[in-house]
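What follows is the content of upload_30.txt (compact mmCIF, C-alpha atoms).
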```txt
# COMPACT_ATOMS: atom_id res chain seq x y z
CA MET A 5 28.99 27.22 -4.65
CA ASN A 6 30.09 24.72 -7.30
CA ASN A 7 32.10 25.48 -10.43
CA TYR A 8 28.97 25.52 -12.63
CA ASP A 9 27.41 28.32 -10.56
CA LYS A 10 30.65 30.31 -10.68
CA ILE A 11 30.83 29.97 -14.46
CA GLU A 12 27.17 30.99 -14.82
CA ARG A 13 27.64 34.04 -12.58
CA ALA A 14 30.76 35.06 -14.52
CA ALA A 15 28.85 34.72 -17.82
CA ARG A 16 25.97 36.84 -16.52
CA LEU A 17 28.45 39.47 -15.29
CA ARG A 18 30.18 39.61 -18.68
CA LYS A 19 26.82 39.88 -20.40
CA ARG A 20 25.78 42.72 -18.08
CA ILE A 21 29.04 44.59 -18.69
CA GLN A 22 28.66 44.13 -22.45
CA ASN A 23 25.11 45.49 -22.29
CA ILE A 24 26.24 48.50 -20.25
CA ILE A 25 28.99 49.28 -22.77
CA VAL A 26 26.67 48.84 -25.77
CA TYR A 27 23.83 50.93 -24.34
CA THR A 28 26.24 53.62 -23.17
CA PHE A 29 27.68 53.85 -26.67
CA LEU A 30 24.20 53.90 -28.25
CA THR A 31 23.07 56.62 -25.83
CA ILE A 32 26.06 58.82 -26.64
CA TRP A 33 25.58 58.20 -30.35
CA GLY A 34 21.85 58.98 -30.09
CA ILE A 35 22.60 62.27 -28.31
CA LEU A 36 25.11 63.25 -31.00
CA VAL A 37 22.62 62.45 -33.77
CA LEU A 38 19.61 64.14 -32.16
CA PHE A 39 21.41 67.23 -30.84
CA PRO A 40 21.28 69.17 -34.16
CA PHE A 41 17.51 68.63 -34.27
CA TYR A 42 17.16 69.77 -30.67
CA TRP A 43 19.26 72.85 -31.42
CA MET A 44 17.17 73.62 -34.49
CA ILE A 45 13.90 73.42 -32.53
CA LEU A 46 15.37 75.36 -29.61
CA THR A 47 16.54 78.17 -31.87
CA SER A 48 13.16 78.31 -33.61
CA VAL A 49 11.37 79.13 -30.34
CA LYS A 50 13.79 81.85 -29.24
CA SER A 51 12.84 85.43 -29.89
CA TYR A 52 14.94 87.47 -32.29
CA GLY A 53 16.10 89.75 -29.45
CA SER A 54 17.03 87.00 -27.02
CA TYR A 55 18.91 85.07 -29.71
CA ASN A 56 21.02 88.08 -30.68
CA ALA A 57 21.61 88.98 -27.04
CA GLU A 58 23.26 85.64 -26.27
CA ARG A 59 27.02 85.97 -26.01
CA ILE A 60 27.25 82.27 -25.19
CA PRO A 61 24.57 80.07 -26.82
CA ALA A 62 22.03 78.87 -24.24
CA PHE A 63 20.97 75.23 -24.27
CA PHE A 64 17.42 76.08 -23.14
CA THR A 65 15.06 79.03 -23.04
CA LEU A 66 12.62 80.14 -20.34
CA SER A 67 10.56 82.28 -22.70
CA PRO A 68 9.72 80.28 -25.84
CA THR A 69 7.74 81.97 -28.60
CA LEU A 70 5.88 80.82 -31.72
CA GLN A 71 6.20 84.16 -33.46
CA ASN A 72 9.01 82.79 -35.62
CA TYR A 73 6.62 80.24 -37.12
CA VAL A 74 4.14 82.99 -37.89
CA ASP A 75 6.90 85.00 -39.58
CA ALA A 76 7.98 81.96 -41.58
CA PHE A 77 4.55 81.76 -43.25
CA THR A 78 3.74 85.45 -43.51
CA THR A 79 7.06 86.92 -44.62
CA VAL A 80 7.65 84.46 -47.48
CA PRO A 81 5.25 82.23 -49.51
CA LEU A 82 6.15 79.10 -47.56
CA ALA A 83 2.64 77.66 -47.97
CA GLY A 84 3.03 77.91 -51.75
CA TYR A 85 6.36 76.09 -51.58
CA PHE A 86 4.64 73.37 -49.54
CA LEU A 87 1.88 72.96 -52.13
CA ASN A 88 4.37 72.76 -55.02
CA THR A 89 6.43 70.18 -53.16
CA LEU A 90 3.33 68.14 -52.34
CA ILE A 91 2.23 68.09 -55.99
CA PHE A 92 5.75 67.22 -57.18
CA THR A 93 6.20 64.48 -54.57
CA LEU A 94 2.83 62.76 -55.02
CA ALA A 95 2.89 62.91 -58.82
CA THR A 96 6.48 61.71 -59.12
CA THR A 97 6.01 58.85 -56.66
CA ALA A 98 2.75 57.68 -58.27
CA ILE A 99 4.18 57.72 -61.81
CA MET A 100 7.37 55.99 -60.63
CA LEU A 101 5.36 53.13 -59.10
CA LEU A 102 3.42 52.73 -62.35
CA VAL A 103 6.75 52.42 -64.17
CA ILE A 104 8.88 50.28 -61.87
CA ILE A 105 6.28 47.67 -60.82
CA PRO A 106 5.61 46.33 -64.37
CA ALA A 107 9.33 46.58 -65.16
CA ALA A 108 10.30 44.57 -62.07
CA PHE A 109 7.57 42.01 -62.83
CA ALA A 110 8.82 41.58 -66.38
CA PHE A 111 12.40 40.96 -65.26
CA ALA A 112 11.34 38.64 -62.45
CA ARG A 113 8.64 36.49 -64.09
CA LEU A 114 8.40 36.90 -67.85
CA GLU A 115 10.67 35.06 -70.25
CA PHE A 116 11.88 36.85 -73.36
CA ARG A 117 14.95 36.78 -75.55
CA GLY A 118 17.95 38.63 -74.09
CA LYS A 119 16.31 39.28 -70.71
CA ASN A 120 19.50 38.78 -68.69
CA LEU A 121 21.54 40.93 -71.07
CA VAL A 122 18.95 43.71 -70.97
CA PHE A 123 18.82 43.58 -67.17
CA THR A 124 22.62 43.67 -66.94
CA LEU A 125 22.78 46.69 -69.23
CA PHE A 126 19.99 48.26 -67.21
CA LEU A 127 21.96 47.81 -63.98
CA SER A 128 25.04 49.28 -65.63
CA LEU A 129 23.19 52.61 -65.76
CA MET A 130 23.81 52.85 -62.01
CA MET A 131 27.50 53.28 -62.81
CA ILE A 132 26.91 56.55 -64.65
CA PRO A 133 27.72 59.58 -62.44
CA ASN A 134 24.71 61.63 -61.44
CA GLU A 135 26.36 64.79 -62.74
CA LEU A 136 26.30 63.45 -66.29
CA VAL A 137 22.64 62.48 -65.95
CA VAL A 138 21.75 65.94 -64.62
CA ILE A 139 23.50 67.61 -67.55
CA THR A 140 21.70 65.38 -70.08
CA ASN A 141 18.33 65.88 -68.41
CA PHE A 142 18.81 69.64 -68.23
CA THR A 143 19.62 69.83 -71.94
CA THR A 144 16.65 67.65 -72.85
CA ILE A 145 14.13 69.51 -70.70
CA THR A 146 15.41 72.85 -71.96
CA ASP A 147 15.15 71.74 -75.60
CA TRP A 148 11.56 70.61 -74.95
CA ASN A 149 10.70 74.04 -73.46
CA MET A 150 9.68 72.42 -70.17
CA ARG A 151 11.61 74.62 -67.79
CA ASN A 152 9.49 76.17 -65.03
CA THR A 153 6.83 73.47 -65.40
CA PHE A 154 5.78 70.57 -63.19
CA GLY A 155 6.40 68.26 -66.14
CA GLY A 156 10.01 69.36 -66.29
CA LEU A 157 10.37 68.79 -62.56
CA ILE A 158 8.72 65.38 -62.57
CA LEU A 159 9.79 63.69 -65.80
CA PRO A 160 13.49 62.96 -65.00
CA SER A 161 12.58 61.38 -61.65
CA VAL A 162 9.98 58.78 -62.64
CA VAL A 163 12.44 55.92 -63.24
CA SER A 164 14.82 54.39 -60.70
CA VAL A 165 17.11 51.51 -61.64
CA PHE A 166 17.82 50.74 -58.00
CA TYR A 167 14.13 50.49 -57.06
CA ILE A 168 13.43 48.24 -60.07
CA TYR A 169 16.29 46.00 -58.99
CA LEU A 170 15.11 45.91 -55.36
CA LEU A 171 11.53 45.09 -56.34
CA LYS A 172 12.63 42.54 -58.93
CA GLU A 173 14.63 40.67 -56.27
CA ASN A 174 11.55 40.60 -54.03
CA PHE A 175 9.32 39.36 -56.83
CA ALA A 176 11.87 36.64 -57.62
CA GLN A 177 11.55 35.27 -54.07
CA ILE A 178 7.91 34.32 -54.66
CA PRO A 179 7.76 30.60 -55.57
CA ASN A 180 7.30 29.87 -59.27
CA GLU A 181 4.66 27.30 -58.39
CA LEU A 182 2.24 30.10 -57.51
CA TYR A 183 2.70 31.64 -60.94
CA TYR A 184 2.28 28.34 -62.79
CA ALA A 185 -0.84 27.47 -60.76
CA ALA A 186 -2.32 30.88 -61.54
CA LYS A 187 -1.63 30.43 -65.26
CA VAL A 188 -3.33 27.01 -65.18
CA ASP A 189 -6.40 28.68 -63.67
CA GLY A 190 -6.40 31.15 -66.54
CA THR A 191 -5.17 34.14 -64.51
CA SER A 192 -3.62 36.89 -66.58
CA ASP A 193 -0.19 38.27 -65.76
CA LEU A 194 -1.68 41.60 -64.74
CA LYS A 195 -4.19 39.97 -62.40
CA TYR A 196 -1.50 37.73 -60.89
CA LEU A 197 0.68 40.79 -60.29
CA TRP A 198 -2.19 42.69 -58.65
CA LYS A 199 -3.70 39.84 -56.61
CA VAL A 200 -0.64 37.82 -55.59
CA MET A 201 2.70 39.57 -55.98
CA LEU A 202 1.83 43.06 -54.78
CA PRO A 203 0.17 41.89 -51.51
CA ILE A 204 3.12 39.60 -50.74
CA CYS A 205 5.66 42.36 -51.44
CA ARG A 206 3.65 45.16 -49.80
CA PRO A 207 6.37 45.97 -47.18
CA THR A 208 8.97 46.52 -49.89
CA ILE A 209 6.60 48.63 -52.00
CA ILE A 210 5.77 50.77 -48.95
CA THR A 211 9.49 51.16 -48.26
CA ILE A 212 10.19 52.21 -51.85
CA THR A 213 7.29 54.65 -51.74
CA ILE A 214 8.49 56.28 -48.53
CA LEU A 215 12.09 56.49 -49.73
CA LYS A 216 10.91 58.11 -52.96
CA VAL A 217 8.75 60.59 -51.02
CA ILE A 218 11.76 61.54 -48.89
CA GLU A 219 13.94 61.83 -52.00
CA CYS A 220 11.42 64.11 -53.72
CA TRP A 221 10.79 66.19 -50.60
CA ASN A 222 14.52 66.79 -50.13
CA SER A 223 15.25 67.30 -53.83
CA TYR A 224 17.41 70.37 -54.31
CA VAL A 225 19.83 70.28 -57.24
CA TRP A 226 17.36 69.46 -60.02
CA PRO A 227 14.62 71.93 -58.94
CA ARG A 228 17.28 74.58 -58.48
CA LEU A 229 18.51 74.05 -62.05
CA ILE A 230 15.21 73.76 -63.85
CA THR A 231 13.17 76.47 -62.11
CA ASP A 232 13.85 80.16 -61.70
CA ASN A 233 10.21 81.12 -61.37
CA GLU A 234 9.09 81.42 -57.74
CA ALA A 235 5.71 79.96 -58.69
CA TYR A 236 7.39 76.55 -59.10
CA PHE A 237 9.81 76.66 -56.17
CA LEU A 238 9.88 73.63 -53.90
CA VAL A 239 10.57 73.85 -50.17
CA SER A 240 14.27 73.04 -50.67
CA ASN A 241 15.11 75.81 -53.12
CA GLY A 242 12.48 78.00 -51.50
CA ILE A 243 14.39 77.84 -48.23
CA GLN A 244 17.59 78.69 -50.10
CA GLU A 245 15.80 81.70 -51.60
CA ILE A 246 14.68 82.70 -48.11
CA ARG A 247 18.24 82.45 -46.82
CA GLU A 248 19.68 84.49 -49.66
CA ASN A 249 17.06 87.16 -50.19
CA GLY A 250 14.64 86.98 -47.28
CA PHE A 251 14.91 87.15 -43.54
CA GLY A 252 17.23 84.14 -43.23
CA ARG A 253 20.53 86.02 -42.96
CA GLU A 254 19.28 88.29 -40.20
CA ASN A 255 16.47 86.44 -38.46
CA ILE A 256 18.04 83.05 -37.76
CA PRO A 257 15.24 81.90 -35.38
CA ALA A 258 12.61 82.48 -38.08
CA MET A 259 14.80 80.63 -40.56
CA MET A 260 15.05 77.70 -38.17
CA ALA A 261 11.27 77.77 -37.71
CA ALA A 262 10.85 77.38 -41.47
CA VAL A 263 13.28 74.46 -41.50
CA VAL A 264 11.41 72.78 -38.62
CA VAL A 265 8.10 73.13 -40.45
CA ILE A 266 9.60 71.54 -43.55
CA SER A 267 11.19 68.68 -41.59
CA VAL A 268 8.11 67.73 -39.57
CA PRO A 269 6.21 65.89 -42.39
CA LEU A 270 9.13 63.55 -43.06
CA VAL A 271 9.62 62.83 -39.35
CA ILE A 272 5.92 62.02 -38.94
CA LEU A 273 6.00 59.84 -42.07
CA PHE A 274 8.92 57.84 -40.74
CA LEU A 275 7.41 57.41 -37.27
CA ILE A 276 4.17 56.10 -38.78
CA PHE A 277 5.76 53.65 -41.22
CA ARG A 278 9.04 52.80 -39.45
CA LYS A 279 8.05 49.15 -38.90
CA LYS A 280 7.09 48.74 -42.55
CA ILE A 281 10.39 50.32 -43.62
CA MET A 282 12.41 47.94 -41.47
CA GLU A 283 10.35 44.98 -42.68
CA GLY A 284 10.80 45.96 -46.31
CA VAL A 285 14.56 46.44 -45.97
CA ALA A 286 14.90 43.11 -44.16
CA ARG A 287 12.89 41.32 -46.83
CA GLY A 288 15.01 42.89 -49.55
CA GLY A 289 18.11 41.29 -48.06
CA THR A 290 16.58 37.82 -47.56
CA LYS A 291 16.63 34.99 -50.03
CA GLY A 292 14.30 31.99 -50.14
```

So, in terms of structure tokens, how does the structure I just supplied come out?
Amino acid sequence: MNNYDKIERAARLRKRIQNIIVYTFLTIWGILVLFPFYWMILTSVKSYGSYNAERIPAFFTLSPTLQNYVDAFTTVPLAGYFLNTLIFTLATTAIMLLVIIPAAFAFARLEFRGKNLVFTLFLSLMMIPNELVVITNFTTITDWNMRNTFGGLILPSVVSVFYIYLLKENFAQIPNELYYAAKVDGTSDLKYLWKVMLPICRPTIITITILKVIECWNSYVWPRLITDNEAYFLVSNGIQEIRENGFGRENIPAMMAAVVVISVPLVILFLIFRKKIMEGVARGGTKG
């Protein structure tokens, strides 16, 4: 065996050891991340009696039950919370897209006096603490008598400086020659945006949409502040209401069943669009 073969074998051995270390670390990390979800699902299929009878928590059960899921929907109006959250999420996301897409297009392609200054001031809004924004929004919505309404829930969430910035950077990556050629052909700005820019930036738009859906679905502080009428509760503050006043403090398995039901839509959404999310994030960080 010559020196070249020895060097090649040593390199392959080092590469194999590195892979073993990396995959071992990733496996341990994956177990740590997924264990809370496993424990949540496991608890949700344990009966109330078996859960309370455990002196030492069991990591599996031989007698799973779905009764907790039945209790989650029959004991509290969980279906109503789902419907409210669906309306809030879809309406907020749709209106936000109608707002941020033209705004990002204007900053990326249109030329007007003071554009850079306006965009810089716009970005500076990201420096304002969320607590101050919540206080201002709460005062405004209260003064407009929009508490306990879907309008009051939706209105403060239809603009996102970060999403405008992200989409503007993606629009700016599209060559200017396409825009000038379209203008020569007599294409309007709106048609160019619809026919050229949106298809090219579809992965980023899908990513923004999914992130906004997740943000709305998990929204807690604002709905908790602006609604005290159960008819407008979302799943987040609905679950808190269940924990405080319903069966949550006593029937932990049923509480976990409710949490599982609420988490499933987001998990399914991510699994379906995970490639688009990764593609959109990667495109957002690429220039040229």

Separation of atom CA of Ile243 of chain A from atom CA of Gly53 of chain A in Å: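 Between atom CA of Gly53 of chain A and atom CA of Ile243 of chain A the gap works out to 22.3 Å.
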
Distance of atom CA of Thr211 of chain A from atom CA of Phe277 of chain A, expressed in Å to one decimal place: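 It comes out at 8.3 Å.
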
Given all atoms listed in the file as the counted atoms, nearest of A:Val217, A:Ile132, A:Leu157, A:Pro81 to Asp232 of chain A: A:Leu157

Atom pair atom CA of Val80 of chain A / atom CA of Ser67 of chain A: separation (Å):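 Atom CA of Val80 of chain A sits 25.0 Å away from atom CA of Ser67 of chain A.
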
Nearest-residue call for Ile230 of chain A, choices A:Val138, A:Leu127, A:Leu273, A:Ala15, using all atoms listed in the file: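 When distances to Ile230 of chain A are compared using all atoms listed in the file, the smallest one comes from A:Val138.
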
Nearest candidate to Tyr85 of chain A (options A:Tyr236, A:Ile178, A:Glu254, A:Ile99; using only C-alpha atoms):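 Comparing A:Tyr236, A:Ile178, A:Glu254, A:Ile99 against Tyr85 of chain A, the winner is A:Tyr236.
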
Sorted by chain and rising residue number, list the residues of segment 101-138 of chain A at most 12 Å from segment 199-208 of chain A (counting all atoms listed in the file), each with its closest atom pair and distance in Å to one decimal, as JSON lines.
```
{"residue": "A:Leu101", "atom": "CA", "partner": "A:Leu202", "partner_atom": "CA", "distance": 11.5}
{"residue": "A:Ile105", "atom": "CA", "partner": "A:Leu202", "partner_atom": "CA", "distance": 8.8}
{"residue": "A:Pro106", "atom": "CA", "partner": "A:Leu202", "partner_atom": "CA", "distance": 10.8}
{"residue": "A:Ala108", "atom": "CA", "partner": "A:Met201", "partner_atom": "CA", "distance": 10.9}
{"residue": "A:Phe109", "atom": "CA", "partner": "A:Met201", "partner_atom": "CA", "distance": 8.8}
{"residue": "A:Ala112", "atom": "CA", "partner": "A:Met201", "partner_atom": "CA", "distance": 10.8}
{"residue": "A:Arg113", "atom": "CA", "partner": "A:Met201", "partner_atom": "CA", "distance": 10.5}
```

C-alpha atoms of the current selection, written as a short mmCIF file (atom, residue, chain, number, x, y, z; two decimals), in the coordinates of the input:
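Result went into out10.cif, see below:
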```cif
data_model
loop_
_atom_site.label_atom_id
_atom_site.label_comp_id
_atom_site.auth_asym_id
_atom_site.auth_seq_id
_atom_site.Cartn_x
_atom_site.Cartn_y
_atom_site.Cartn_z
CA LEU A 101 5.36 53.13 -59.10
CA ILE A 105 6.28 47.67 -60.82
CA PRO A 106 5.61 46.33 -64.37
CA ALA A 108 10.30 44.57 -62.07
CA PHE A 109 7.57 42.01 -62.83
CA ALA A 112 11.34 38.64 -62.45
CA ARG A 113 8.64 36.49 -64.09
#
```

Of the listed residues A:Ile272, A:Val26, A:Leu182, A:Leu82, that which approaches Ala235 of chain A most closely, counting only C-alpha atoms: A:Leu82

Long-range neighbours of Leu70 of chain A as a PyMOL selection string, 12 Å cut-off, all atoms listed in the file, 3 positions minimum in chain: chain A and resi 45-52+67+73-77+257-258+260-262+264-265

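In this comparison, which uses only C-alpha atoms, the residue of A:Thr79, A:Tyr167, A:Gly156, A:Thr69 approaching Ser54 of chain A most closely is A:Thr69.
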
Selection: 12 Å around Leu159 of chain A, only C-alpha atoms, excl. self and same-chain fewer than 3 positions, as a ChimeraX atom specification: /A:92-93,95-100,103,141-142,144-145,148,150-151,153-156,162-164,226-227,230

Supply segment 77-88 of chain A as a compact mmCIF listing (two decimals), in the coordinates of the input, with all heavy atoms built in where the input has gaps.
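Here's the written file result38.txt:
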```txt
# COMPACT_ATOMS: atom_id res chain seq x y z
N PHE A 77 5.63 81.91 -42.28
CA PHE A 77 4.55 81.76 -43.25
C PHE A 77 4.07 83.09 -43.80
O PHE A 77 3.49 83.14 -44.89
CB PHE A 77 3.37 81.02 -42.60
CG PHE A 77 3.54 79.53 -42.58
CD1 PHE A 77 4.06 78.88 -41.47
CD2 PHE A 77 3.18 78.75 -43.67
CE1 PHE A 77 4.22 77.51 -41.45
CE2 PHE A 77 3.34 77.38 -43.66
CZ PHE A 77 3.86 76.76 -42.55
N THR A 78 4.26 84.16 -43.07
CA THR A 78 3.74 85.45 -43.51
C THR A 78 4.75 86.28 -44.27
O THR A 78 4.39 87.08 -45.14
CB THR A 78 3.23 86.26 -42.30
OG1 THR A 78 4.29 86.41 -41.35
CG2 THR A 78 2.06 85.55 -41.63
N THR A 79 6.03 86.11 -43.96
CA THR A 79 7.06 86.92 -44.62
C THR A 79 7.38 86.39 -46.01
O THR A 79 7.68 87.17 -46.93
CB THR A 79 8.35 86.95 -43.78
OG1 THR A 79 8.02 87.36 -42.45
CG2 THR A 79 9.37 87.91 -44.36
N VAL A 80 7.36 85.08 -46.19
CA VAL A 80 7.65 84.46 -47.48
C VAL A 80 6.52 83.49 -47.82
O VAL A 80 5.80 83.03 -46.93
CB VAL A 80 9.00 83.69 -47.43
CG1 VAL A 80 10.15 84.64 -47.27
CG2 VAL A 80 8.98 82.65 -46.32
N PRO A 81 6.34 83.14 -49.11
CA PRO A 81 5.25 82.23 -49.51
C PRO A 81 5.56 80.76 -49.21
O PRO A 81 5.61 79.91 -50.11
CB PRO A 81 5.13 82.48 -51.01
CG PRO A 81 6.49 82.90 -51.44
CD PRO A 81 7.05 83.68 -50.28
N LEU A 82 5.79 80.46 -47.94
CA LEU A 82 6.15 79.10 -47.56
C LEU A 82 5.02 78.11 -47.85
O LEU A 82 5.28 76.96 -48.23
CB LEU A 82 6.52 79.06 -46.07
CG LEU A 82 7.18 77.78 -45.56
CD1 LEU A 82 8.46 77.48 -46.33
CD2 LEU A 82 7.48 77.88 -44.07
N ALA A 83 3.77 78.55 -47.68
CA ALA A 83 2.64 77.66 -47.97
C ALA A 83 2.62 77.27 -49.45
O ALA A 83 2.31 76.12 -49.80
CB ALA A 83 1.34 78.34 -47.57
N GLY A 84 2.96 78.22 -50.32
CA GLY A 84 3.03 77.91 -51.75
C GLY A 84 4.12 76.91 -52.06
O GLY A 84 3.94 76.01 -52.90
N TYR A 85 5.28 77.05 -51.40
CA TYR A 85 6.36 76.09 -51.58
C TYR A 85 5.91 74.69 -51.14
O TYR A 85 6.25 73.68 -51.77
CB TYR A 85 7.59 76.50 -50.78
CG TYR A 85 8.18 77.85 -51.17
CD1 TYR A 85 8.97 78.56 -50.28
CD2 TYR A 85 7.94 78.40 -52.43
CE1 TYR A 85 9.52 79.80 -50.63
CE2 TYR A 85 8.47 79.63 -52.78
CZ TYR A 85 9.26 80.33 -51.88
OH TYR A 85 9.79 81.55 -52.22
N PHE A 86 5.16 74.64 -50.04
CA PHE A 86 4.64 73.37 -49.54
C PHE A 86 3.73 72.73 -50.58
O PHE A 86 3.82 71.52 -50.85
CB PHE A 86 3.87 73.59 -48.24
CG PHE A 86 4.64 73.20 -47.01
CD1 PHE A 86 5.30 74.15 -46.25
CD2 PHE A 86 4.72 71.87 -46.63
CE1 PHE A 86 6.00 73.79 -45.13
CE2 PHE A 86 5.43 71.50 -45.50
CZ PHE A 86 6.06 72.46 -44.74
N LEU A 87 2.83 73.50 -51.15
CA LEU A 87 1.88 72.96 -52.13
C LEU A 87 2.62 72.45 -53.36
O LEU A 87 2.31 71.35 -53.87
CB LEU A 87 0.87 74.05 -52.52
CG LEU A 87 -0.18 73.64 -53.56
CD1 LEU A 87 -1.02 72.48 -53.03
CD2 LEU A 87 -1.06 74.82 -53.92
N ASN A 88 3.58 73.21 -53.86
CA ASN A 88 4.37 72.76 -55.02
C ASN A 88 5.10 71.46 -54.72
O ASN A 88 5.13 70.55 -55.55
CB ASN A 88 5.38 73.84 -55.41
CG ASN A 88 4.73 75.08 -55.99
OD1 ASN A 88 3.57 75.04 -56.41
ND2 ASN A 88 5.46 76.18 -56.02
```
